>>> print(open('final_8.txt').read())   # compact mmCIF, C-alpha atoms and all ligand atoms
# COMPACT_ATOMS: atom_id res chain seq x y z
CA MET A 12 -1.53 -37.22 9.43
CA THR A 13 -2.82 -36.47 5.95
CA THR A 14 -3.43 -33.16 4.39
CA ASP A 15 -5.13 -31.97 1.26
CA THR A 16 -2.47 -30.47 -0.94
CA SER A 17 -4.52 -31.37 -4.02
CA ALA A 18 -4.55 -29.20 -7.11
CA PRO A 19 -1.76 -26.63 -7.23
CA THR A 20 -4.28 -24.17 -8.68
CA GLU A 21 -5.93 -24.13 -5.26
CA ALA A 22 -3.09 -22.08 -3.91
CA ALA A 23 -2.60 -20.07 -7.09
CA ALA A 24 -4.05 -17.03 -5.34
CA VAL A 25 -3.77 -15.98 -1.73
CA PRO A 26 -7.11 -16.87 -0.13
CA VAL A 27 -9.14 -14.23 1.67
CA ILE A 28 -10.61 -15.94 4.73
CA ASP A 29 -13.49 -14.66 6.83
CA LEU A 30 -11.95 -15.34 10.23
CA GLU A 31 -15.14 -15.13 12.23
CA LEU A 32 -16.99 -17.49 9.87
CA ALA A 33 -14.11 -19.95 9.63
CA LEU A 34 -13.95 -20.19 13.43
CA ALA A 35 -17.72 -20.60 13.80
CA ALA A 36 -19.20 -23.87 15.02
CA ASP A 37 -20.08 -25.06 11.50
CA PRO A 38 -17.42 -23.70 9.14
CA ASP A 39 -17.64 -24.04 5.40
CA SER A 40 -15.60 -27.12 4.49
CA ALA A 41 -14.53 -25.61 1.16
CA GLU A 42 -13.11 -22.64 3.10
CA LEU A 43 -11.13 -24.99 5.35
CA ALA A 44 -9.83 -26.87 2.30
CA ARG A 45 -8.63 -23.58 0.80
CA LEU A 46 -6.92 -22.75 4.06
CA ARG A 47 -5.23 -26.16 4.17
CA ALA A 48 -3.96 -25.78 0.63
CA ALA A 49 -2.66 -22.26 1.29
CA GLY A 50 -1.10 -23.41 4.56
CA ALA A 51 0.71 -26.27 2.87
CA GLN A 52 1.77 -24.44 -0.29
CA LEU A 53 2.01 -20.70 0.27
CA GLY A 54 2.06 -19.93 3.97
CA ILE A 55 0.21 -16.67 3.36
CA ILE A 56 -3.46 -15.85 3.82
CA GLN A 57 -5.49 -12.69 4.07
CA VAL A 58 -8.16 -12.43 6.75
CA VAL A 59 -11.22 -10.22 6.90
CA ASN A 60 -13.82 -9.99 9.66
CA HIS A 61 -10.81 -10.33 11.94
CA GLY A 62 -12.02 -8.23 14.84
CA VAL A 63 -9.41 -5.46 14.67
CA PRO A 64 -11.45 -2.25 14.41
CA LEU A 65 -10.78 -0.42 11.16
CA GLU A 66 -10.73 2.89 13.06
CA LEU A 67 -7.85 1.59 15.19
CA ILE A 68 -5.85 0.50 12.15
CA GLU A 69 -6.48 3.84 10.47
CA ALA A 70 -5.75 5.96 13.54
CA PHE A 71 -2.45 4.12 14.07
CA HIS A 72 -1.48 4.52 10.43
CA ARG A 73 -2.38 8.21 10.37
CA SER A 74 -0.31 8.87 13.46
CA ILE A 75 2.74 6.97 12.21
CA GLY A 76 2.21 8.49 8.75
CA ARG A 77 2.59 12.00 10.18
CA ILE A 78 5.89 10.94 11.75
CA LEU A 79 7.22 9.41 8.56
CA ALA A 80 6.21 12.52 6.61
CA LEU A 81 8.38 14.79 8.80
CA PRO A 82 11.50 16.34 7.27
CA ARG A 83 14.54 14.09 7.61
CA GLU A 84 16.26 16.47 10.07
CA GLU A 85 13.38 15.99 12.48
CA LYS A 86 13.20 12.24 12.00
CA GLU A 87 16.89 11.93 12.81
CA HIS A 88 15.96 12.78 16.40
CA LEU A 89 13.73 9.71 16.42
CA ALA A 90 16.54 7.23 15.83
CA SER A 91 17.35 4.92 18.75
CA PRO A 92 19.81 6.83 20.99
CA THR A 93 21.83 3.61 21.30
CA ALA A 94 21.52 2.42 17.66
CA HIS A 95 19.29 -0.48 18.67
CA PRO A 96 18.17 -1.79 15.26
CA PHE A 97 14.64 -2.64 16.51
CA ARG A 98 13.76 0.67 18.16
CA GLY A 99 12.70 3.99 16.66
CA TRP A 100 13.19 5.42 13.19
CA ARG A 101 15.67 4.12 10.67
CA GLN A 102 16.41 4.34 6.94
CA TRP A 103 17.96 1.61 4.81
CA PRO A 104 19.94 2.57 1.75
CA ASP A 105 20.50 -0.02 -0.97
CA ASP A 106 24.00 -0.78 -2.29
CA PHE A 107 23.88 2.39 -4.41
CA GLY A 108 22.93 4.55 -1.41
CA ARG A 109 19.34 4.93 -2.62
CA LEU A 110 16.59 4.84 -0.03
CA GLU A 111 15.01 1.41 -0.07
CA LEU A 112 13.06 1.22 3.15
CA GLU A 113 12.29 3.37 6.13
CA ARG A 114 11.23 1.76 9.40
CA PHE A 115 9.77 2.70 12.72
CA SER A 116 10.14 -0.10 15.28
CA ILE A 117 8.50 -0.34 18.66
CA GLY A 118 9.69 -2.73 21.36
CA GLN A 119 7.09 -4.74 23.27
CA PHE A 120 7.82 -2.99 26.58
CA ASP A 121 9.27 0.42 27.38
CA ASP A 122 11.64 -0.90 30.02
CA PRO A 123 12.54 -4.01 32.05
CA ALA A 124 10.18 -3.01 34.87
CA ALA A 125 7.18 -2.96 32.53
CA ALA A 126 8.20 -6.36 31.13
CA ALA A 127 8.55 -7.81 34.64
CA ALA A 128 5.12 -6.47 35.58
CA ALA A 129 3.66 -8.25 32.53
CA GLY A 130 5.15 -11.57 33.65
CA VAL A 131 8.27 -11.77 31.49
CA PRO A 132 10.78 -14.08 33.23
CA ALA A 133 13.79 -12.31 34.80
CA GLN A 134 16.38 -13.77 32.42
CA TYR A 135 14.75 -11.99 29.45
CA LEU A 136 14.26 -8.54 30.95
CA GLU A 137 17.45 -7.22 29.39
CA LEU A 138 15.65 -7.49 26.03
CA PHE A 139 13.87 -4.32 27.08
CA ALA A 140 16.86 -2.37 28.37
CA HIS A 141 16.89 -0.15 25.26
CA ALA A 142 14.11 2.39 25.45
CA ASN A 143 11.44 2.91 22.85
CA VAL A 144 11.42 6.18 21.00
CA TRP A 145 8.12 8.01 21.43
CA PRO A 146 7.89 11.02 19.13
CA PRO A 147 6.85 14.11 21.12
CA GLN A 148 4.87 15.19 18.04
CA GLU A 149 2.43 12.26 18.49
CA PRO A 150 1.53 11.94 22.17
CA GLN A 151 -1.19 9.37 21.45
CA LEU A 152 1.07 7.01 19.46
CA ARG A 153 2.00 4.83 22.43
CA GLU A 154 -1.60 4.11 23.31
CA LEU A 155 -2.52 3.43 19.68
CA ALA A 156 0.47 1.13 19.23
CA ASP A 157 -0.41 -0.84 22.39
CA ALA A 158 -4.02 -1.28 21.29
CA TYR A 159 -3.03 -2.21 17.75
CA ARG A 160 -0.44 -4.70 18.96
CA ALA A 161 -2.89 -6.35 21.37
CA ALA A 162 -5.55 -6.64 18.67
CA SER A 163 -3.10 -8.10 16.13
CA LEU A 164 -1.83 -10.58 18.72
CA ASP A 165 -5.38 -11.75 19.17
CA VAL A 166 -5.63 -12.30 15.41
CA ALA A 167 -2.47 -14.43 15.57
CA ARG A 168 -3.97 -16.55 18.37
CA ARG A 169 -7.16 -17.07 16.42
CA VAL A 170 -5.37 -17.89 13.16
CA LEU A 171 -3.35 -20.50 15.03
CA SER A 172 -6.56 -22.12 16.24
CA LEU A 173 -7.88 -21.94 12.71
CA TYR A 174 -4.84 -23.77 11.35
CA ALA A 175 -5.29 -26.35 14.11
CA ARG A 176 -8.87 -26.81 12.96
CA ALA A 177 -7.81 -27.07 9.31
CA LEU A 178 -5.26 -29.74 10.26
CA GLY A 179 -7.81 -31.57 12.39
CA VAL A 180 -5.88 -31.27 15.66
CA PRO A 181 -6.91 -29.65 18.94
CA VAL A 182 -5.51 -26.15 19.36
CA GLU A 183 -3.83 -27.25 22.61
CA THR A 184 -1.53 -29.30 20.36
CA PHE A 185 0.53 -26.12 20.12
CA PRO A 186 2.18 -25.38 23.47
CA TRP A 187 1.30 -21.69 23.40
CA GLN A 188 2.51 -19.72 26.41
CA THR A 189 1.79 -16.20 27.57
CA PRO A 190 3.04 -13.55 27.68
CA GLU A 191 4.14 -14.03 24.10
CA TYR A 192 7.34 -12.48 22.81
CA THR A 193 6.49 -10.11 19.95
CA THR A 194 8.23 -7.53 17.80
CA PHE A 195 6.49 -4.74 15.99
CA VAL A 196 7.54 -2.66 12.99
CA VAL A 197 6.15 -0.19 10.48
CA ASN A 198 7.72 -0.39 7.00
CA ASP A 199 7.54 2.56 4.65
CA TYR A 200 8.67 2.01 1.06
CA PRO A 201 9.42 4.88 -1.31
CA THR A 202 7.88 5.08 -4.74
CA TRP A 203 10.24 4.01 -7.52
CA THR A 204 11.97 7.02 -9.08
CA HIS A 205 14.83 5.21 -10.78
CA PRO A 206 15.16 4.03 -14.40
CA ASP A 207 12.82 1.08 -14.73
CA SER A 208 13.99 -2.10 -16.41
CA GLY A 209 10.55 -3.58 -15.99
CA THR A 210 11.53 -6.72 -14.10
CA ASP A 211 10.40 -7.24 -10.54
CA GLU A 212 13.79 -8.67 -9.60
CA GLU A 213 15.46 -5.33 -10.31
CA LYS A 214 13.17 -3.31 -8.10
CA LEU A 215 13.00 -5.30 -4.92
CA LEU A 216 12.63 -3.11 -1.85
CA LEU A 217 12.60 -6.07 0.53
CA LEU A 218 14.40 -9.24 -0.52
CA GLU A 219 12.69 -12.61 -0.38
CA HIS A 220 12.58 -14.19 3.04
CA ALA A 221 10.38 -16.10 5.46
CA ASP A 222 9.79 -14.62 8.91
CA ASN A 223 11.25 -16.44 11.92
CA SER A 224 8.03 -16.01 13.91
CA VAL A 225 5.24 -18.49 14.60
CA LEU A 226 2.88 -16.16 12.77
CA THR A 227 3.20 -12.60 11.48
CA VAL A 228 0.16 -10.36 11.26
CA LEU A 229 0.55 -7.65 8.64
CA HIS A 230 -1.47 -4.72 7.40
CA GLN A 231 -0.56 -3.22 4.02
CA GLU A 232 -1.45 0.15 2.60
CA GLY A 233 -0.78 1.47 -0.87
CA ASP A 234 -2.13 1.52 -4.40
CA TYR A 235 -0.52 -1.56 -5.95
CA ALA A 236 0.21 -5.17 -5.03
CA GLY A 237 3.84 -4.75 -3.95
CA LEU A 238 3.85 -7.76 -1.65
CA GLN A 239 4.39 -11.12 -3.32
CA GLY A 240 4.32 -14.66 -1.95
CA GLN A 241 6.24 -17.61 -3.36
CA ARG A 242 4.55 -20.71 -4.75
CA PRO A 243 6.14 -24.14 -4.35
CA ASP A 244 7.42 -23.96 -7.96
CA GLY A 245 9.33 -20.77 -7.13
CA SER A 246 7.01 -18.41 -9.00
CA TRP A 247 5.53 -15.34 -7.30
CA VAL A 248 1.91 -14.54 -6.58
CA PRO A 249 0.79 -10.98 -5.72
CA VAL A 250 -0.96 -10.33 -2.42
CA PRO A 251 -3.51 -7.75 -3.60
CA ILE A 252 -4.65 -4.86 -1.44
CA VAL A 253 -8.02 -5.93 -0.01
CA PRO A 254 -9.53 -3.03 1.94
CA GLY A 255 -9.68 -3.83 5.65
CA ALA A 256 -7.86 -7.16 5.30
CA LEU A 257 -4.87 -8.30 7.35
CA GLN A 258 -2.23 -10.63 5.91
CA VAL A 259 -0.98 -13.52 8.00
CA PHE A 260 2.34 -15.22 7.22
CA THR A 261 3.24 -18.59 8.60
CA GLY A 262 6.69 -18.19 10.13
CA SER A 263 9.44 -20.78 10.39
CA LEU A 264 8.48 -21.66 14.00
CA LEU A 265 5.06 -22.91 12.96
CA THR A 266 6.73 -24.91 10.20
CA ARG A 267 9.00 -26.38 12.88
CA TRP A 268 6.11 -27.27 15.18
CA THR A 269 4.25 -29.00 12.35
CA ASN A 270 7.42 -30.71 11.09
CA GLY A 271 7.02 -29.00 7.73
CA LEU A 272 3.31 -29.59 7.21
CA LEU A 273 2.61 -25.86 7.29
CA THR A 274 5.03 -24.10 5.03
CA ALA A 275 6.72 -20.84 6.05
CA GLY A 276 5.48 -18.16 3.66
CA ARG A 277 8.34 -16.76 1.61
CA HIS A 278 7.62 -13.20 0.58
CA ARG A 279 9.22 -10.07 -0.88
CA VAL A 280 8.27 -6.50 -1.74
CA VAL A 281 8.54 -5.05 -5.24
CA ALA A 282 8.49 -1.28 -5.90
CA GLY A 283 5.70 0.42 -7.79
CA GLY A 284 2.62 2.49 -7.26
CA THR A 285 2.15 6.23 -7.12
CA VAL A 286 2.09 6.65 -3.33
CA THR A 287 4.37 5.45 -0.57
CA ARG A 288 3.58 1.87 0.35
CA ARG A 289 3.33 1.17 4.05
CA SER A 290 2.97 -2.00 6.09
CA THR A 291 2.72 -2.75 9.79
CA ALA A 292 3.93 -6.13 11.01
CA LEU A 293 3.52 -7.84 14.36
CA PHE A 294 5.82 -10.87 14.66
CA VAL A 295 4.57 -13.37 17.25
CA TYR A 296 7.08 -15.93 18.55
CA GLY A 297 5.27 -17.77 21.35
CA GLY A 298 6.28 -17.65 25.02
CA PHE A 299 9.70 -16.44 26.18
CA ASP A 300 10.49 -19.86 27.61
CA THR A 301 8.94 -21.81 24.76
CA VAL A 302 11.16 -24.33 23.03
CA VAL A 303 9.78 -24.89 19.56
CA GLU A 304 10.47 -28.31 18.09
CA PRO A 305 8.54 -30.69 15.85
CA LEU A 306 5.52 -31.94 17.80
CA GLU A 307 5.12 -35.67 18.12
CA ARG A 308 1.67 -35.43 16.64
CA PHE A 309 3.18 -34.25 13.34
CA VAL A 310 6.29 -36.40 13.38
CA GLY A 311 4.36 -39.65 13.87
CA ASP A 312 6.52 -42.56 12.77
CA GLY A 313 8.61 -40.32 10.59
CA GLU A 314 11.63 -38.23 11.42
CA ALA A 315 11.82 -34.80 12.97
CA GLU A 316 13.00 -32.52 10.17
CA PHE A 317 13.98 -29.64 12.45
CA GLY A 318 15.84 -29.13 15.70
CA ALA A 319 14.78 -27.16 18.77
CA TYR A 320 14.52 -23.34 18.86
CA HIS A 321 14.43 -21.57 22.20
CA VAL A 322 12.38 -18.40 21.74
CA GLY A 323 13.79 -16.29 24.59
CA ARG A 324 17.39 -17.35 24.08
CA GLU A 325 17.27 -16.58 20.36
CA ALA A 326 15.67 -13.23 21.15
CA LEU A 327 18.56 -12.37 23.49
CA GLY A 328 20.99 -12.87 20.61
CA SER A 329 18.85 -11.28 17.92
CA VAL A 330 20.53 -7.85 17.78
CA GLU A 331 24.02 -9.33 17.46
CA ASP A 332 22.76 -11.90 14.93
CA TYR A 333 21.09 -9.17 12.91
CA LEU A 334 24.10 -6.84 12.91
CA GLN A 335 26.40 -9.65 11.94
CA VAL A 336 24.40 -10.29 8.78
CA PHE A 337 23.04 -6.85 7.87
CA GLY A 338 24.96 -4.32 9.95
CA ARG A 339 27.00 -1.67 8.16
CA PRO A 340 30.38 -0.92 9.76
CA GLU A 341 29.28 2.54 11.00
CA GLN A 342 26.10 1.02 12.40
CA VAL A 343 27.97 -1.68 14.32
CA ALA A 344 30.41 0.95 15.62
CA ALA A 345 27.51 3.14 16.81
CA TRP A 346 25.85 0.17 18.56
CA GLN A 347 29.10 -0.76 20.28
CA ALA A 348 29.66 2.84 21.40
CA GLY A 349 26.02 3.26 22.46
CA ARG A 350 25.31 6.27 20.26
CA PRO A 351 22.69 6.91 17.57
CA TYR A 352 23.14 5.77 13.99
CA VAL A 353 21.62 7.44 10.97
CA ALA A 354 22.43 5.90 7.59
CA ALA A 355 23.66 8.14 4.80
CA VAL A 356 21.20 8.06 1.90
CA GLU A 357 21.37 9.76 -1.44
CA GLU A 358 18.84 12.57 -1.78
CA PRO A 359 16.40 11.89 -4.64
CA ALA A 360 17.28 13.96 -7.72
O1 LIG B 1 5.93 -4.80 3.67
C1 LIG B 1 5.47 -5.94 3.58
O2 LIG B 1 4.43 -6.16 2.99
C2 LIG B 1 6.21 -7.10 4.16
C3 LIG B 1 7.10 -6.73 5.32
C4 LIG B 1 7.89 -7.89 5.79
O3 LIG B 1 7.95 -8.89 5.16
C5 LIG B 1 8.63 -7.85 7.06
O4 LIG B 1 8.69 -6.76 7.70
O5 LIG B 1 9.16 -8.90 7.46
FE FE B 2 8.56 -10.56 6.36
>>> encode(input="final_8.txt", output="structure tokens")
Amino acid sequence: MTTDTSAPTEAAAVPVIDLELALAADPDSAELARLRAAGAQLGIIQVVNHGVPLELIEAFHRSIGRILALPREEKEHLASPTAHPFRGWRQWPDDFGRLELERFSIGQFDDPAAAAAAGVPAQYLELFAHANVWPPQEPQLRELADAYRAASLDVARRVLSLYARALGVPVETFPWQTPEYTTFVVNDYPTWTHPDSGTDEEKLLLLEHADNSVLTVLHQEGDYAGLQGQRPDGSWVPVPIVPGALQVFTGSLLTRWTNGLLTAGRHRVVAGGTVTRRSTALFVYGGFDTVVEPLERFVGDGEAEFGAYHVGREALGSVEDYLQVFGRPEQVAAWQAGRPYVAAVEEPA
């Protein structure tokens, strides 16, 4: 398998790909070459003409925006009643107690029965034992979230077939199974009100990381390019706000499948701007029973660079794994006792 990783300048900026055109019968070969370069070097693209109606994106964002704009006392009622870190409203203080990030997370199904009805195998139903939090103030949020999630999932499926096309392999190469396991989160970043040293490194609101998904479909809103992607030389490239565009990150599972040919997009968020920055992310992992390992097609005569990753099994351990790394003592205690957790944050001066 060969790939065009030619001039580094090719991936100097995050390409904006017209998804519909790129998937057409006779795609522009220059467009596919740009996609290949970005896939190999950055792991981040933006897509337009992606099929998710703008009205849906906007309606979802307006609804969630009204929730996030509520006074803190009201939002506290929207925290997960059992301190599940991936359900409901949550605030993250930084090490100085300053608000860094606020999140609203929505589980894929409301309860195990709904997951079973959608075809989720029995051994994974406990993933949905902790209820979603649906704010009574926004009765239409559930329907909007479902529609938005479904539309973003479709974008992930189509971007996967696009990467297959760019790599010159049939899309069936990837053993995609349905229903897919997905997680869904809205991130809300405060504007920067602290003394400014000027360096990006000192005002990171989300530390550099790669997602552990196959693909992540993101929508960003704000008035500055707070999201940055990492180039192979370690430098950072901004992902500018392109009206109507969605951002798609390659996650570490797609890197695993392709034995490293497609790089997992490392990214981070830097503070700035004059309005709250918001992003919505759908993380798509593949089927619950999918075991992701380097595919023979990409290993060839070489060596598999990665081991196997069992999607459903990893998902079952994800809360404990998360709390072990990021959990604060009071948060872990709340989770163990099955009561809500609200982080203490310093009120802005
Ligand atoms: O806010 C963003 O643009 C990125 C969010 C992100 O990386 C994540 O939620 O994993
Ligand atoms: Fe991320």
>>> atom_distance(input="final_8.txt", atom1="CA of Ser263 in chain A", atom2="CA of Arg176 in chain A")
19.4 Å
>>> residues_around(input="final_8.txt", residues="range 71-73 of chain A", least_positions_apart="6", cutoff="12 Å", atoms="all atoms listed in the file", output="PDB file with C-alpha atoms, in the frame of the given file")
ATOM      1  CA  VAL A  63      -9.410  -5.460  14.670  1.00  0.00           C
ATOM      2  CA  PRO A  64     -11.450  -2.250  14.410  1.00  0.00           C
ATOM      3  CA  LEU A  65     -10.780  -0.420  11.160  1.00  0.00           C
ATOM      4  CA  LEU A  79       7.220   9.410   8.560  1.00  0.00           C
ATOM      5  CA  ALA A  80       6.210  12.520   6.610  1.00  0.00           C
ATOM      6  CA  PHE A 115       9.770   2.700  12.720  1.00  0.00           C
ATOM      7  CA  GLU A 149       2.430  12.260  18.490  1.00  0.00           C
ATOM      8  CA  PRO A 150       1.530  11.940  22.170  1.00  0.00           C
ATOM      9  CA  GLN A 151      -1.190   9.370  21.450  1.00  0.00           C
ATOM     10  CA  LEU A 152       1.070   7.010  19.460  1.00  0.00           C
ATOM     11  CA  ARG A 153       2.000   4.830  22.430  1.00  0.00           C
ATOM     12  CA  GLU A 154      -1.600   4.110  23.310  1.00  0.00           C
ATOM     13  CA  LEU A 155      -2.520   3.430  19.680  1.00  0.00           C
ATOM     14  CA  ALA A 156       0.470   1.130  19.230  1.00  0.00           C
ATOM     15  CA  ASP A 157      -0.410  -0.840  22.390  1.00  0.00           C
ATOM     16  CA  ALA A 158      -4.020  -1.280  21.290  1.00  0.00           C
ATOM     17  CA  TYR A 159      -3.030  -2.210  17.750  1.00  0.00           C
ATOM     18  CA  ARG A 160      -0.440  -4.700  18.960  1.00  0.00           C
ATOM     19  CA  VAL A 196       7.540  -2.660  12.990  1.00  0.00           C
ATOM     20  CA  VAL A 197       6.150  -0.190  10.480  1.00  0.00           C
ATOM     21  CA  ASN A 198       7.720  -0.390   7.000  1.00  0.00           C
ATOM     22  CA  ASP A 199       7.540   2.560   4.650  1.00  0.00           C
ATOM     23  CA  HIS A 230      -1.470  -4.720   7.400  1.00  0.00           C
ATOM     24  CA  GLN A 231      -0.560  -3.220   4.020  1.00  0.00           C
ATOM     25  CA  GLU A 232      -1.450   0.150   2.600  1.00  0.00           C
ATOM     26  CA  GLY A 233      -0.780   1.470  -0.870  1.00  0.00           C
ATOM     27  CA  ARG A 288       3.580   1.870   0.350  1.00  0.00           C
ATOM     28  CA  ARG A 289       3.330   1.170   4.050  1.00  0.00           C
ATOM     29  CA  SER A 290       2.970  -2.000   6.090  1.00  0.00           C
ATOM     30  CA  THR A 291       2.720  -2.750   9.790  1.00  0.00           C
ATOM     31  CA  ALA A 292       3.930  -6.130  11.010  1.00  0.00           C
TER      32      ALA A 292
END
>>> closest_residue(input="final_8.txt", among="A:Val58, A:Gly311, A:Val182, A:Trp203", to="Val286 in chain A", atoms="only C-alpha atoms")
A:Trp203
>>> residues_near_ligand(input="final_8.txt", ligand="ligand FE 2 (chain B)", cutoff="12 Å", atoms="all atoms listed in the file", output="number ranges by chain")
A: 54-55, 194-198, 216-231, 238-240, 258-263, 275-280, 290-295
>>> residues_around(input="final_8.txt", residues="range 116-122 of chain A", least_positions_apart="4", cutoff="6 Å", atoms="all atoms listed in the file", output="CSV table (one decimal) with C-alpha atoms, in the frame of the given file")
chain,number,residue,atom,x,y,z
A,97,PHE,CA,14.6,-2.6,16.5
A,98,ARG,CA,13.8,0.7,18.2
A,99,GLY,CA,12.7,4.0,16.7
A,126,ALA,CA,8.2,-6.4,31.1
A,139,PHE,CA,13.9,-4.3,27.1
A,140,ALA,CA,16.9,-2.4,28.4
A,142,ALA,CA,14.1,2.4,25.4
A,143,ASN,CA,11.4,2.9,22.8
A,195,PHE,CA,6.5,-4.7,16.0
A,196,VAL,CA,7.5,-2.7,13.0
>>> atom_distance(input="final_8.txt", atom1="CA of Ala162 in chain A", atom2="atom O4 of ligand LIG 1 (chain B)")
18.0 Å
>>> closest_residue(input="final_8.txt", among="A:Ala344, A:Ala326, A:Val281, A:Ala51", to="ligand LIG 1 (chain B)", atoms="only C-alpha atoms and all ligand atoms")
A:Val281
>>> atom_distance(input="final_8.txt", atom1="CA of Asp165 in chain A", atom2="CA of Ala48 in chain A")
23.3 Å
>>> closest_residue(input="final_8.txt", among="A:Ala94, A:Ala33, A:Val303, A:Ala23", to="Gly349 in chain A", atoms="all atoms listed in the file")
A:Ala94
>>> closest_residue(input="final_8.txt", among="A:Gly245, A:Pro206, A:Pro201, A:Gly323", to="ligand LIG 1 (chain B)", atoms="all atoms listed in the file")
A:Pro201
>>> residues_around(input="final_8.txt", residues="range 264-270 of chain A", least_positions_apart="4", cutoff="6 Å", atoms="only C-alpha atoms", output="ChimeraX atom specification")
/A:224-225,274-275,304-306,309,316-317
>>> closest_residue(input="final_8.txt", among="A:Ala354, A:Leu273, A:Leu257, A:Ala24", to="ligand LIG 1 (chain B)", atoms="only C-alpha atoms and all ligand atoms")
A:Leu257
>>> build_atoms(input="final_8.txt", residues="range 260-278 of chain A", atoms="N, CA and C atoms", output="PDB file, in the frame of the given file")
ATOM      1  N   PHE A 260       1.286 -14.336   7.728  1.00  0.00           N
ATOM      2  CA  PHE A 260       2.340 -15.220   7.220  1.00  0.00           C
ATOM      3  C   PHE A 260       2.578 -16.319   8.232  1.00  0.00           C
ATOM      4  N   THR A 261       2.719 -17.531   7.754  1.00  0.00           N
ATOM      5  CA  THR A 261       3.240 -18.590   8.600  1.00  0.00           C
ATOM      6  C   THR A 261       4.744 -18.364   8.706  1.00  0.00           C
ATOM      7  N   GLY A 262       5.256 -18.356   9.943  1.00  0.00           N
ATOM      8  CA  GLY A 262       6.690 -18.190  10.130  1.00  0.00           C
ATOM      9  C   GLY A 262       7.379 -19.530  10.324  1.00  0.00           C
ATOM     10  N   SER A 263       8.697 -19.510  10.358  1.00  0.00           N
ATOM     11  CA  SER A 263       9.440 -20.780  10.390  1.00  0.00           C
ATOM     12  C   SER A 263       9.196 -21.560  11.693  1.00  0.00           C
ATOM     13  N   LEU A 264       8.736 -20.900  12.760  1.00  0.00           N
ATOM     14  CA  LEU A 264       8.480 -21.660  14.000  1.00  0.00           C
ATOM     15  C   LEU A 264       7.239 -22.539  13.884  1.00  0.00           C
ATOM     16  N   LEU A 265       6.261 -22.071  13.143  1.00  0.00           N
ATOM     17  CA  LEU A 265       5.060 -22.910  12.960  1.00  0.00           C
ATOM     18  C   LEU A 265       5.390 -24.087  12.018  1.00  0.00           C
ATOM     19  N   THR A 266       6.263 -23.826  11.075  1.00  0.00           N
ATOM     20  CA  THR A 266       6.730 -24.910  10.200  1.00  0.00           C
ATOM     21  C   THR A 266       7.455 -25.970  11.060  1.00  0.00           C
ATOM     22  N   ARG A 267       8.262 -25.486  11.995  1.00  0.00           N
ATOM     23  CA  ARG A 267       9.000 -26.380  12.880  1.00  0.00           C
ATOM     24  C   ARG A 267       8.045 -27.219  13.741  1.00  0.00           C
ATOM     25  N   TRP A 268       7.078 -26.560  14.349  1.00  0.00           N
ATOM     26  CA  TRP A 268       6.110 -27.270  15.180  1.00  0.00           C
ATOM     27  C   TRP A 268       5.396 -28.380  14.387  1.00  0.00           C
ATOM     28  N   THR A 269       5.026 -28.042  13.141  1.00  0.00           N
ATOM     29  CA  THR A 269       4.250 -29.000  12.350  1.00  0.00           C
ATOM     30  C   THR A 269       5.144 -29.917  11.515  1.00  0.00           C
ATOM     31  N   ASN A 270       6.445 -29.885  11.808  1.00  0.00           N
ATOM     32  CA  ASN A 270       7.420 -30.710  11.090  1.00  0.00           C
ATOM     33  C   ASN A 270       7.297 -30.536   9.564  1.00  0.00           C
ATOM     34  N   GLY A 271       7.030 -29.305   9.161  1.00  0.00           N
ATOM     35  CA  GLY A 271       7.020 -29.000   7.730  1.00  0.00           C
ATOM     36  C   GLY A 271       5.651 -29.053   7.069  1.00  0.00           C
ATOM     37  N   LEU A 272       4.641 -29.487   7.811  1.00  0.00           N
ATOM     38  CA  LEU A 272       3.310 -29.590   7.210  1.00  0.00           C
ATOM     39  C   LEU A 272       2.781 -28.222   6.793  1.00  0.00           C
ATOM     40  N   LEU A 273       2.963 -27.239   7.656  1.00  0.00           N
ATOM     41  CA  LEU A 273       2.610 -25.860   7.290  1.00  0.00           C
ATOM     42  C   LEU A 273       3.899 -25.185   6.817  1.00  0.00           C
ATOM     43  N   THR A 274       3.831 -24.673   5.619  1.00  0.00           N
ATOM     44  CA  THR A 274       5.030 -24.100   5.030  1.00  0.00           C
ATOM     45  C   THR A 274       5.224 -22.649   5.496  1.00  0.00           C
ATOM     46  N   ALA A 275       6.462 -22.241   5.682  1.00  0.00           N
ATOM     47  CA  ALA A 275       6.720 -20.840   6.050  1.00  0.00           C
ATOM     48  C   ALA A 275       6.583 -19.996   4.789  1.00  0.00           C
ATOM     49  N   GLY A 276       5.766 -18.961   4.855  1.00  0.00           N
ATOM     50  CA  GLY A 276       5.480 -18.160   3.660  1.00  0.00           C
ATOM     51  C   GLY A 276       6.664 -17.309   3.254  1.00  0.00           C
ATOM     52  N   ARG A 277       7.251 -17.619   2.107  1.00  0.00           N
ATOM     53  CA  ARG A 277       8.340 -16.760   1.610  1.00  0.00           C
ATOM     54  C   ARG A 277       7.702 -15.583   0.895  1.00  0.00           C
ATOM     55  N   HIS A 278       8.224 -14.390   1.162  1.00  0.00           N
ATOM     56  CA  HIS A 278       7.620 -13.200   0.580  1.00  0.00           C
ATOM     57  C   HIS A 278       8.685 -12.146   0.289  1.00  0.00           C
TER      58      HIS A 278
END
